[in-house]
file input_37.txt (compact mmCIF, C-alpha atoms)
# COMPACT_ATOMS: atom_id res chain seq x y z
CA MET O 472 -70.67 -18.26 -29.36
CA THR O 473 -70.06 -21.70 -28.11
CA MET O 474 -68.09 -22.67 -25.13
CA GLN O 475 -65.33 -23.94 -27.34
CA GLU O 476 -65.01 -20.59 -29.09
CA TRP O 477 -64.90 -18.79 -25.74
CA GLY O 478 -62.18 -21.22 -24.62
CA VAL O 479 -59.99 -20.19 -27.54
CA TYR O 480 -60.36 -16.52 -26.55
CA TRP O 481 -59.61 -17.26 -22.92
CA GLN O 482 -56.64 -19.33 -23.95
CA ALA O 483 -55.32 -16.44 -26.10
CA ILE O 484 -55.85 -14.01 -23.20
CA GLY O 485 -53.99 -16.41 -20.89
CA VAL O 486 -51.06 -16.66 -23.34
CA LEU O 487 -50.92 -12.86 -23.67
CA ALA O 488 -51.06 -12.44 -19.89
CA THR O 489 -48.28 -15.03 -19.47
CA VAL O 490 -46.12 -13.29 -22.06
CA PHE O 491 -46.82 -9.89 -20.46
CA PHE O 492 -46.03 -11.08 -16.92
CA GLY O 493 -42.99 -13.01 -18.21
CA LEU O 494 -41.59 -9.93 -19.94
CA PHE O 495 -42.35 -7.82 -16.88
CA GLY O 496 -40.58 -10.41 -14.71
CA LEU O 497 -37.54 -10.43 -17.01
CA TYR O 498 -37.45 -6.63 -16.87
CA LYS O 499 -37.53 -6.72 -13.05
CA ILE O 500 -34.81 -9.40 -12.98
CA PHE O 501 -32.65 -7.29 -15.32
CA GLN O 502 -33.19 -4.21 -13.12
CA GLU O 503 -32.31 -6.16 -9.97
CA LEU O 504 -29.15 -7.61 -11.55
CA ARG O 505 -28.07 -4.13 -12.64
CA ARG O 506 -28.70 -2.80 -9.13
CA LEU O 507 -26.70 -5.69 -7.61
CA ASN O 508 -23.79 -5.03 -10.02
CA GLU O 509 -23.81 -1.34 -9.10
CA GLN O 510 -23.86 -2.24 -5.41
CA ARG O 511 -20.99 -4.71 -5.88
CA ASP O 512 -18.95 -2.07 -7.75
CA LYS O 513 -19.66 0.46 -5.00
CA ASP O 514 -18.65 -2.06 -2.32
CA ARG O 515 -15.43 -2.84 -4.19
CA THR O 516 -14.63 0.86 -4.55
CA ASP O 517 -15.37 1.43 -0.86
CA LYS O 518 -13.09 -1.46 0.12
CA GLU O 519 -10.28 -0.16 -2.10
CA THR O 520 -10.66 3.33 -0.65
CA SER O 521 -10.69 1.95 2.88
CA ALA O 522 -7.60 -0.18 2.19
CA LYS O 523 -5.82 2.82 0.68
CA LEU O 524 -6.66 4.94 3.73
CA LYS O 525 -5.38 2.21 6.05
CA ARG O 526 -2.15 1.91 4.04
CA THR O 527 -1.74 5.69 4.16
CA GLU O 528 -2.36 5.77 7.89
CA PHE O 529 0.07 2.91 8.45
CA PHE O 530 2.73 4.53 6.28
CA LEU O 531 2.38 7.88 8.02
CA ASN O 532 2.60 6.14 11.39
CA GLN O 533 5.88 4.56 10.30
CA HIS O 534 7.16 7.93 9.17
CA ARG O 535 6.05 9.50 12.46
CA ARG O 536 7.67 6.65 14.36
CA LEU O 537 11.02 7.64 12.89
CA PHE O 538 10.64 11.14 14.31
CA ASP O 539 8.66 10.44 17.50
CA ASN O 540 10.80 7.63 18.86
CA SER O 541 13.57 9.36 20.79
CA GLU O 542 16.26 6.78 19.98
CA LEU O 543 15.48 6.71 16.26
CA TYR O 544 15.28 10.48 16.17
CA GLU O 545 18.61 10.84 17.93
CA VAL O 546 20.28 8.70 15.25
CA LEU O 547 18.35 10.51 12.55
CA CYS O 548 19.68 13.89 13.71
CA LEU O 549 23.28 12.66 13.57
CA ILE O 550 23.17 10.60 10.41
CA ASP O 551 23.21 13.41 7.82
CA SER O 552 26.70 14.49 8.74
CA ASP O 553 27.83 11.06 9.95
CA ASP O 554 28.51 12.76 13.28
CA ALA O 555 31.33 11.32 15.39
CA LYS O 556 28.82 10.70 18.21
CA LEU O 557 27.48 7.81 16.11
CA ALA O 558 30.70 5.89 16.74
CA MET O 559 30.25 6.07 20.53
CA GLN O 560 29.30 2.85 22.29
CA GLU O 561 26.07 4.24 23.80
CA MET O 562 24.79 4.70 20.23
CA TRP O 563 25.30 1.10 19.09
CA ASP O 564 21.93 -0.24 20.23
CA LYS O 565 20.19 2.85 18.90
CA LYS O 566 21.82 2.29 15.53
CA ARG O 567 20.69 -1.36 15.55
CA LYS O 568 17.17 -0.16 16.25
CA PHE O 569 17.53 2.31 13.39
CA LEU O 570 18.67 -0.47 11.03
CA THR O 571 15.83 -2.69 12.19
CA PHE O 572 13.38 0.07 11.35
CA PHE O 573 14.71 0.12 7.79
CA GLU O 574 14.59 -3.65 7.56
CA GLU O 575 10.91 -3.45 8.54
CA ILE O 576 10.33 -0.88 5.79
CA ALA O 577 12.26 -3.08 3.34
CA LEU O 578 10.14 -6.07 4.29
CA LEU O 579 6.96 -4.06 3.75
CA VAL O 580 8.24 -2.97 0.33
CA LYS O 581 9.25 -6.51 -0.58
CA SER O 582 5.82 -7.86 0.38
CA GLU O 583 4.19 -5.00 -1.58
CA GLN O 584 2.40 -3.65 1.48
CA ILE O 585 3.69 -0.16 0.80
CA ASN O 586 4.63 1.45 -2.49
CA LYS O 587 8.36 1.10 -3.02
CA GLU O 588 8.76 4.47 -4.76
CA VAL O 589 7.19 6.21 -1.78
CA ALA O 590 9.36 4.22 0.65
CA PHE O 591 12.50 5.05 -1.30
CA TYR O 592 11.56 8.71 -1.49
CA MET O 593 10.68 9.00 2.21
CA PHE O 594 13.29 6.70 3.77
CA GLY O 595 15.92 5.93 1.13
CA TYR O 596 18.14 8.91 1.88
CA TYR O 597 18.53 7.98 5.54
CA ALA O 598 19.17 4.33 4.71
CA ARG O 599 21.88 5.36 2.26
CA CYS O 600 23.48 7.63 4.86
CA ALA O 601 23.51 4.72 7.33
CA LYS O 602 25.09 2.30 4.88
CA HIS O 603 27.84 4.67 3.76
CA GLY O 604 28.47 6.44 7.08
CA LYS O 605 31.88 5.60 8.54
CA ASN O 606 30.86 6.57 12.08
CA PHE O 607 27.49 4.88 11.73
CA ASN O 608 29.22 1.59 10.90
CA GLU O 609 31.34 1.67 14.06
CA GLY O 610 30.33 -0.93 16.64
CA ILE O 611 27.90 -2.78 14.37
CA ASN O 612 28.59 -5.80 12.24
CA LEU O 613 26.92 -4.34 9.19
CA SER O 614 27.67 -7.29 6.95
CA GLU O 615 25.16 -8.17 4.31
CA GLU O 616 24.51 -11.64 5.70
CA TYR O 617 22.91 -10.09 8.83
CA TRP O 618 21.29 -7.08 7.22
CA TRP O 619 20.35 -8.39 3.77
CA LEU O 620 16.97 -6.63 3.63
CA PHE O 621 18.61 -3.36 4.58
CA TYR O 622 21.26 -3.74 1.86
CA GLU O 623 18.61 -4.63 -0.70
CA PHE O 624 16.58 -1.57 0.30
CA VAL O 625 19.62 0.70 0.00
CA LYS O 626 20.58 -0.76 -3.37
CA GLU O 627 17.08 -0.26 -4.77
CA SER O 628 16.78 3.21 -3.29
CA GLU O 629 20.11 4.19 -4.87
CA GLU O 630 18.77 2.98 -8.22
CA TYR O 631 15.59 4.97 -7.57
CA PHE O 632 17.51 8.17 -6.79
CA GLU O 633 19.74 7.67 -9.81
CA LYS O 634 16.67 7.30 -12.00
CA HIS O 635 14.88 10.30 -10.45
CA LYS O 636 17.71 12.78 -9.90
CA ASP O 637 15.62 15.93 -10.22
CA ASN O 638 12.18 15.12 -8.85
CA PRO O 639 10.13 12.18 -7.68
CA PRO O 640 7.78 10.72 -10.29
CA GLN O 641 4.44 12.49 -10.64
CA SER O 642 2.60 9.16 -10.40
CA MET O 643 3.79 8.51 -6.85
CA SER O 644 0.98 7.53 -4.49
CA LEU O 645 0.27 5.35 -1.51
call {"tool": "encode", "arguments": {"input": "input_37.txt", "output": "structure tokens"}}
result
Amino acid sequence: MTMQEWGVYWQAIGVLATVFFGLFGLYKIFQELRRLNEQRDKDRTDKETSAKLKRTEFFLNQHRRLFDNSELYEVLCLIDSDDAKLAMQEMWDKKRKFLTFFEEIALLVKSEQINKEVAFYMFGYYARCAKHGKNFNEGINLSEEYWWLFYEFVKESEEYFEKHKDNPPQSMSL
């Protein structure tokens, strides 16, 4: 064979090698892209789980705060029956603190930082007792212009309780 004939064979071998290495490279690129997509999905899932755990921890801390803070707890113990002690002057600041707590919860609901159904279920009853309690309202200017978030929270929680008279919805989650 002549050199020219050998050149054609070498050229064909070079083309085949290029095609083979090109296909192998495309396969490796495809595998790497799939691995990166899986890693991105895992990272997203991990971030969502972490955010959910942080929201849960924050929510439970707020719930605990209602019971662990002595002033809030004192009001909480009296609010069910609208106890006459709530009308006493030494309770006025404690009641303001109690209302402020509910305004904070309302703000978190409004900004979608906590699930509103969970907030209504966990805190709505007490907010409703505060709004409608005759003794609770003594000594506080509970007008809507000063406590708008609180009133909005109570209104929405009343709608929630009217809608779910028997049980909370099964889909409730933090």
call {"tool": "residues_around", "arguments": {"input": "input_37.txt", "residues": "Ala590 in chain O", "least_positions_apart": "4", "cutoff": "8 Å", "atoms": "only C-alpha atoms", "output": "PDB file with C-alpha atoms, in the frame of the given file"}}
result
ATOM      1  CA  ILE O 576      10.330  -0.880   5.790  1.00  0.00           C
ATOM      2  CA  VAL O 580       8.240  -2.970   0.330  1.00  0.00           C
ATOM      3  CA  ILE O 585       3.690  -0.160   0.800  1.00  0.00           C
ATOM      4  CA  ASN O 586       4.630   1.450  -2.490  1.00  0.00           C
ATOM      5  CA  PHE O 594      13.290   6.700   3.770  1.00  0.00           C
ATOM      6  CA  GLY O 595      15.920   5.930   1.130  1.00  0.00           C
TER       7      GLY O 595
END
call {"tool": "residues_around", "arguments": {"input": "input_37.txt", "residues": "range 524-535 of chain O", "least_positions_apart": "2", "cutoff": "12 Å", "atoms": "only C-alpha atoms", "output": "ChimeraX atom specification"}}
result
/O:517-522,537-541,543-544,547,572-573,575-576,579-580,583-587,589-590,592-594,597,644-645
call {"tool": "write_last_selection", "arguments": {"input": "input_37.txt", "atoms": "C-alpha atoms", "output": "PDB file, keeping the file's coordinate frame"}}
result
ATOM      1  CA  ASP O 517     -15.370   1.430  -0.860  1.00  0.00           C
ATOM      2  CA  LYS O 518     -13.090  -1.460   0.120  1.00  0.00           C
ATOM      3  CA  GLU O 519     -10.280  -0.160  -2.100  1.00  0.00           C
ATOM      4  CA  THR O 520     -10.660   3.330  -0.650  1.00  0.00           C
ATOM      5  CA  SER O 521     -10.690   1.950   2.880  1.00  0.00           C
ATOM      6  CA  ALA O 522      -7.600  -0.180   2.190  1.00  0.00           C
ATOM      7  CA  LEU O 537      11.020   7.640  12.890  1.00  0.00           C
ATOM      8  CA  PHE O 538      10.640  11.140  14.310  1.00  0.00           C
ATOM      9  CA  ASP O 539       8.660  10.440  17.500  1.00  0.00           C
ATOM     10  CA  ASN O 540      10.800   7.630  18.860  1.00  0.00           C
ATOM     11  CA  SER O 541      13.570   9.360  20.790  1.00  0.00           C
ATOM     12  CA  LEU O 543      15.480   6.710  16.260  1.00  0.00           C
ATOM     13  CA  TYR O 544      15.280  10.480  16.170  1.00  0.00           C
ATOM     14  CA  LEU O 547      18.350  10.510  12.550  1.00  0.00           C
ATOM     15  CA  PHE O 572      13.380   0.070  11.350  1.00  0.00           C
ATOM     16  CA  PHE O 573      14.710   0.120   7.790  1.00  0.00           C
ATOM     17  CA  GLU O 575      10.910  -3.450   8.540  1.00  0.00           C
ATOM     18  CA  ILE O 576      10.330  -0.880   5.790  1.00  0.00           C
ATOM     19  CA  LEU O 579       6.960  -4.060   3.750  1.00  0.00           C
ATOM     20  CA  VAL O 580       8.240  -2.970   0.330  1.00  0.00           C
ATOM     21  CA  GLU O 583       4.190  -5.000  -1.580  1.00  0.00           C
ATOM     22  CA  GLN O 584       2.400  -3.650   1.480  1.00  0.00           C
ATOM     23  CA  ILE O 585       3.690  -0.160   0.800  1.00  0.00           C
ATOM     24  CA  ASN O 586       4.630   1.450  -2.490  1.00  0.00           C
ATOM     25  CA  LYS O 587       8.360   1.100  -3.020  1.00  0.00           C
ATOM     26  CA  VAL O 589       7.190   6.210  -1.780  1.00  0.00           C
ATOM     27  CA  ALA O 590       9.360   4.220   0.650  1.00  0.00           C
ATOM     28  CA  TYR O 592      11.560   8.710  -1.490  1.00  0.00           C
ATOM     29  CA  MET O 593      10.680   9.000   2.210  1.00  0.00           C
ATOM     30  CA  PHE O 594      13.290   6.700   3.770  1.00  0.00           C
ATOM     31  CA  TYR O 597      18.530   7.980   5.540  1.00  0.00           C
ATOM     32  CA  SER O 644       0.980   7.530  -4.490  1.00  0.00           C
ATOM     33  CA  LEU O 645       0.270   5.350  -1.510  1.00  0.00           C
TER      34      LEU O 645
END
call {"tool": "atom_distance", "arguments": {"input": "input_37.txt", "atom1": "CA of Asn606 in chain O", "atom2": "CA of Leu557 in chain O"}}
result
5.4 Å
call {"tool": "closest_residue", "arguments": {"input": "input_37.txt", "among": "O:Glu561, O:Lys636, O:Gly496, O:Glu574", "to": "Glu615 in chain O", "atoms": "only C-alpha atoms"}}
result
O:Glu574
call {"tool": "closest_residue", "arguments": {"input": "input_37.txt", "among": "O:His635, O:Arg511, O:Lys566, O:Arg506", "to": "Gly610 in chain O", "atoms": "only C-alpha atoms"}}
result
O:Lys566
call {"tool": "closest_atom_pairs", "arguments": {"input": "input_37.txt", "of": "range 479-552 of chain O", "to": "range 600-605 of chain O", "cutoff": "12 Å", "atoms": "all atoms listed in the file", "output": "JSON lines"}}
result
{"residue": "O:Val546", "atom": "CA", "partner": "O:Ala601", "partner_atom": "CA", "distance": 9.4}
{"residue": "O:Leu547", "atom": "CA", "partner": "O:Ala601", "partner_atom": "CA", "distance": 9.3}
{"residue": "O:Cys548", "atom": "CA", "partner": "O:Cys600", "partner_atom": "CA", "distance": 11.5}
{"residue": "O:Leu549", "atom": "CA", "partner": "O:Cys600", "partner_atom": "CA", "distance": 10.1}
{"residue": "O:Ile550", "atom": "CA", "partner": "O:Cys600", "partner_atom": "CA", "distance": 6.3}
{"residue": "O:Asp551", "atom": "CA", "partner": "O:Cys600", "partner_atom": "CA", "distance": 6.5}
{"residue": "O:Ser552", "atom": "CA", "partner": "O:Gly604", "partner_atom": "CA", "distance": 8.4}
call {"tool": "atom_distance", "arguments": {"input": "input_37.txt", "atom1": "CA of Leu578 in chain O", "atom2": "CA of Phe632 in chain O"}}
result
19.5 Å
call {"tool": "closest_residue", "arguments": {"input": "input_37.txt", "among": "O:Val479, O:Ala488, O:Met562, O:Ala577", "to": "Phe621 in chain O", "atoms": "all atoms listed in the file"}}
result
O:Ala577
call {"tool": "atom_distance", "arguments": {"input": "input_37.txt", "atom1": "CA of Ala558 in chain O", "atom2": "CA of Glu542 in chain O"}}
result
14.8 Å
call {"tool": "axis_aligned_box", "arguments": {"input": "input_37.txt", "around": "range 542-554 of chain O", "padding_each_side": "8 Å", "output": "JSON"}}
result
{"center_x": 21.9, "center_y": 10.6, "center_z": 13.9, "size_x": 29.2, "size_y": 23.8, "size_z": 28.2}
call {"tool": "build_atoms", "arguments": {"input": "input_37.txt", "residues": "range 584-620 of chain O", "atoms": "N, CA and C atoms", "output": "PDB file, in the frame of the given file"}}
result
ATOM      1  N   GLN O 584       3.377  -4.245   0.568  1.00  0.00           N
ATOM      2  CA  GLN O 584       2.400  -3.650   1.480  1.00  0.00           C
ATOM      3  C   GLN O 584       2.447  -2.132   1.419  1.00  0.00           C
ATOM      4  N   ILE O 585       3.591  -1.594   1.046  1.00  0.00           N
ATOM      5  CA  ILE O 585       3.690  -0.160   0.800  1.00  0.00           C
ATOM      6  C   ILE O 585       4.386   0.036  -0.547  1.00  0.00           C
ATOM      7  N   ASN O 586       4.077   1.128  -1.184  1.00  0.00           N
ATOM      8  CA  ASN O 586       4.630   1.450  -2.490  1.00  0.00           C
ATOM      9  C   ASN O 586       6.129   1.693  -2.363  1.00  0.00           C
ATOM     10  N   LYS O 587       6.906   0.993  -3.176  1.00  0.00           N
ATOM     11  CA  LYS O 587       8.360   1.100  -3.020  1.00  0.00           C
ATOM     12  C   LYS O 587       8.882   2.475  -3.398  1.00  0.00           C
ATOM     13  N   GLU O 588       8.295   3.128  -4.397  1.00  0.00           N
ATOM     14  CA  GLU O 588       8.760   4.470  -4.760  1.00  0.00           C
ATOM     15  C   GLU O 588       8.571   5.451  -3.611  1.00  0.00           C
ATOM     16  N   VAL O 589       7.447   5.335  -2.922  1.00  0.00           N
ATOM     17  CA  VAL O 589       7.190   6.210  -1.780  1.00  0.00           C
ATOM     18  C   VAL O 589       8.175   5.891  -0.653  1.00  0.00           C
ATOM     19  N   ALA O 590       8.407   4.615  -0.412  1.00  0.00           N
ATOM     20  CA  ALA O 590       9.360   4.220   0.650  1.00  0.00           C
ATOM     21  C   ALA O 590      10.762   4.705   0.326  1.00  0.00           C
ATOM     22  N   PHE O 591      11.173   4.579  -0.926  1.00  0.00           N
ATOM     23  CA  PHE O 591      12.500   5.050  -1.300  1.00  0.00           C
ATOM     24  C   PHE O 591      12.595   6.562  -1.153  1.00  0.00           C
ATOM     25  N   TYR O 592      11.562   7.245  -1.572  1.00  0.00           N
ATOM     26  CA  TYR O 592      11.560   8.710  -1.490  1.00  0.00           C
ATOM     27  C   TYR O 592      11.601   9.185  -0.037  1.00  0.00           C
ATOM     28  N   MET O 593      10.806   8.546   0.822  1.00  0.00           N
ATOM     29  CA  MET O 593      10.680   9.000   2.210  1.00  0.00           C
ATOM     30  C   MET O 593      11.805   8.497   3.111  1.00  0.00           C
ATOM     31  N   PHE O 594      12.321   7.305   2.859  1.00  0.00           N
ATOM     32  CA  PHE O 594      13.290   6.700   3.770  1.00  0.00           C
ATOM     33  C   PHE O 594      14.641   6.375   3.142  1.00  0.00           C
ATOM     34  N   GLY O 595      14.712   6.369   1.831  1.00  0.00           N
ATOM     35  CA  GLY O 595      15.920   5.930   1.130  1.00  0.00           C
ATOM     36  C   GLY O 595      17.155   6.748   1.463  1.00  0.00           C
ATOM     37  N   TYR O 596      16.981   8.040   1.590  1.00  0.00           N
ATOM     38  CA  TYR O 596      18.140   8.910   1.880  1.00  0.00           C
ATOM     39  C   TYR O 596      18.800   8.512   3.191  1.00  0.00           C
ATOM     40  N   TYR O 597      17.988   8.317   4.222  1.00  0.00           N
ATOM     41  CA  TYR O 597      18.530   7.980   5.540  1.00  0.00           C
ATOM     42  C   TYR O 597      19.182   6.592   5.531  1.00  0.00           C
ATOM     43  N   ALA O 598      18.591   5.670   4.809  1.00  0.00           N
ATOM     44  CA  ALA O 598      19.170   4.330   4.710  1.00  0.00           C
ATOM     45  C   ALA O 598      20.530   4.400   4.013  1.00  0.00           C
ATOM     46  N   ARG O 599      20.614   5.196   2.972  1.00  0.00           N
ATOM     47  CA  ARG O 599      21.880   5.360   2.260  1.00  0.00           C
ATOM     48  C   ARG O 599      22.936   5.996   3.161  1.00  0.00           C
ATOM     49  N   CYS O 600      22.539   6.997   3.927  1.00  0.00           N
ATOM     50  CA  CYS O 600      23.480   7.630   4.860  1.00  0.00           C
ATOM     51  C   CYS O 600      23.995   6.602   5.875  1.00  0.00           C
ATOM     52  N   ALA O 601      23.107   5.738   6.350  1.00  0.00           N
ATOM     53  CA  ALA O 601      23.510   4.720   7.330  1.00  0.00           C
ATOM     54  C   ALA O 601      24.500   3.736   6.708  1.00  0.00           C
ATOM     55  N   LYS O 602      24.216   3.292   5.516  1.00  0.00           N
ATOM     56  CA  LYS O 602      25.090   2.300   4.880  1.00  0.00           C
ATOM     57  C   LYS O 602      26.484   2.871   4.622  1.00  0.00           C
ATOM     58  N   HIS O 603      26.567   4.100   4.172  1.00  0.00           N
ATOM     59  CA  HIS O 603      27.840   4.670   3.760  1.00  0.00           C
ATOM     60  C   HIS O 603      28.537   5.476   4.861  1.00  0.00           C
ATOM     61  N   GLY O 604      27.880   5.651   6.004  1.00  0.00           N
ATOM     62  CA  GLY O 604      28.470   6.440   7.080  1.00  0.00           C
ATOM     63  C   GLY O 604      29.550   5.687   7.827  1.00  0.00           C
ATOM     64  N   LYS O 605      30.742   6.238   7.855  1.00  0.00           N
ATOM     65  CA  LYS O 605      31.880   5.600   8.540  1.00  0.00           C
ATOM     66  C   LYS O 605      31.600   5.498  10.037  1.00  0.00           C
ATOM     67  N   ASN O 606      31.144   6.585  10.644  1.00  0.00           N
ATOM     68  CA  ASN O 606      30.860   6.570  12.080  1.00  0.00           C
ATOM     69  C   ASN O 606      29.635   5.724  12.405  1.00  0.00           C
ATOM     70  N   PHE O 607      28.679   5.700  11.502  1.00  0.00           N
ATOM     71  CA  PHE O 607      27.490   4.880  11.730  1.00  0.00           C
ATOM     72  C   PHE O 607      27.870   3.404  11.791  1.00  0.00           C
ATOM     73  N   ASN O 608      28.827   3.003  10.988  1.00  0.00           N
ATOM     74  CA  ASN O 608      29.220   1.590  10.900  1.00  0.00           C
ATOM     75  C   ASN O 608      30.082   1.123  12.057  1.00  0.00           C
ATOM     76  N   GLU O 609      30.531   2.037  12.889  1.00  0.00           N
ATOM     77  CA  GLU O 609      31.340   1.670  14.060  1.00  0.00           C
ATOM     78  C   GLU O 609      30.469   0.912  15.065  1.00  0.00           C
ATOM     79  N   GLY O 610      30.983  -0.204  15.558  1.00  0.00           N
ATOM     80  CA  GLY O 610      30.330  -0.930  16.640  1.00  0.00           C
ATOM     81  C   GLY O 610      29.194  -1.838  16.187  1.00  0.00           C
ATOM     82  N   ILE O 611      28.963  -1.912  14.897  1.00  0.00           N
ATOM     83  CA  ILE O 611      27.900  -2.780  14.370  1.00  0.00           C
ATOM     84  C   ILE O 611      28.512  -3.655  13.289  1.00  0.00           C
ATOM     85  N   ASN O 612      28.178  -4.919  13.329  1.00  0.00           N
ATOM     86  CA  ASN O 612      28.590  -5.800  12.240  1.00  0.00           C
ATOM     87  C   ASN O 612      27.551  -5.604  11.131  1.00  0.00           C
ATOM     88  N   LEU O 613      27.872  -4.724  10.234  1.00  0.00           N
ATOM     89  CA  LEU O 613      26.920  -4.340   9.190  1.00  0.00           C
ATOM     90  C   LEU O 613      27.129  -5.177   7.929  1.00  0.00           C
ATOM     91  N   SER O 614      27.461  -6.438   8.121  1.00  0.00           N
ATOM     92  CA  SER O 614      27.670  -7.290   6.950  1.00  0.00           C
ATOM     93  C   SER O 614      26.315  -7.672   6.339  1.00  0.00           C
ATOM     94  N   GLU O 615      26.381  -7.921   5.068  1.00  0.00           N
ATOM     95  CA  GLU O 615      25.160  -8.170   4.310  1.00  0.00           C
ATOM     96  C   GLU O 615      24.437  -9.438   4.761  1.00  0.00           C
ATOM     97  N   GLU O 616      25.155 -10.396   5.269  1.00  0.00           N
ATOM     98  CA  GLU O 616      24.510 -11.640   5.700  1.00  0.00           C
ATOM     99  C   GLU O 616      23.547 -11.412   6.878  1.00  0.00           C
ATOM    100  N   TYR O 617      23.790 -10.389   7.695  1.00  0.00           N
ATOM    101  CA  TYR O 617      22.910 -10.090   8.830  1.00  0.00           C
ATOM    102  C   TYR O 617      21.857  -9.043   8.488  1.00  0.00           C
ATOM    103  N   TRP O 618      22.168  -8.202   7.545  1.00  0.00           N
ATOM    104  CA  TRP O 618      21.290  -7.080   7.220  1.00  0.00           C
ATOM    105  C   TRP O 618      20.923  -7.089   5.728  1.00  0.00           C
ATOM    106  N   TRP O 619      20.605  -8.240   5.188  1.00  0.00           N
ATOM    107  CA  TRP O 619      20.350  -8.390   3.770  1.00  0.00           C
ATOM    108  C   TRP O 619      19.207  -7.495   3.292  1.00  0.00           C
ATOM    109  N   LEU O 620      18.109  -7.475   4.028  1.00  0.00           N
ATOM    110  CA  LEU O 620      16.970  -6.630   3.630  1.00  0.00           C
ATOM    111  C   LEU O 620      17.362  -5.158   3.584  1.00  0.00           C
TER     112      LEU O 620
END
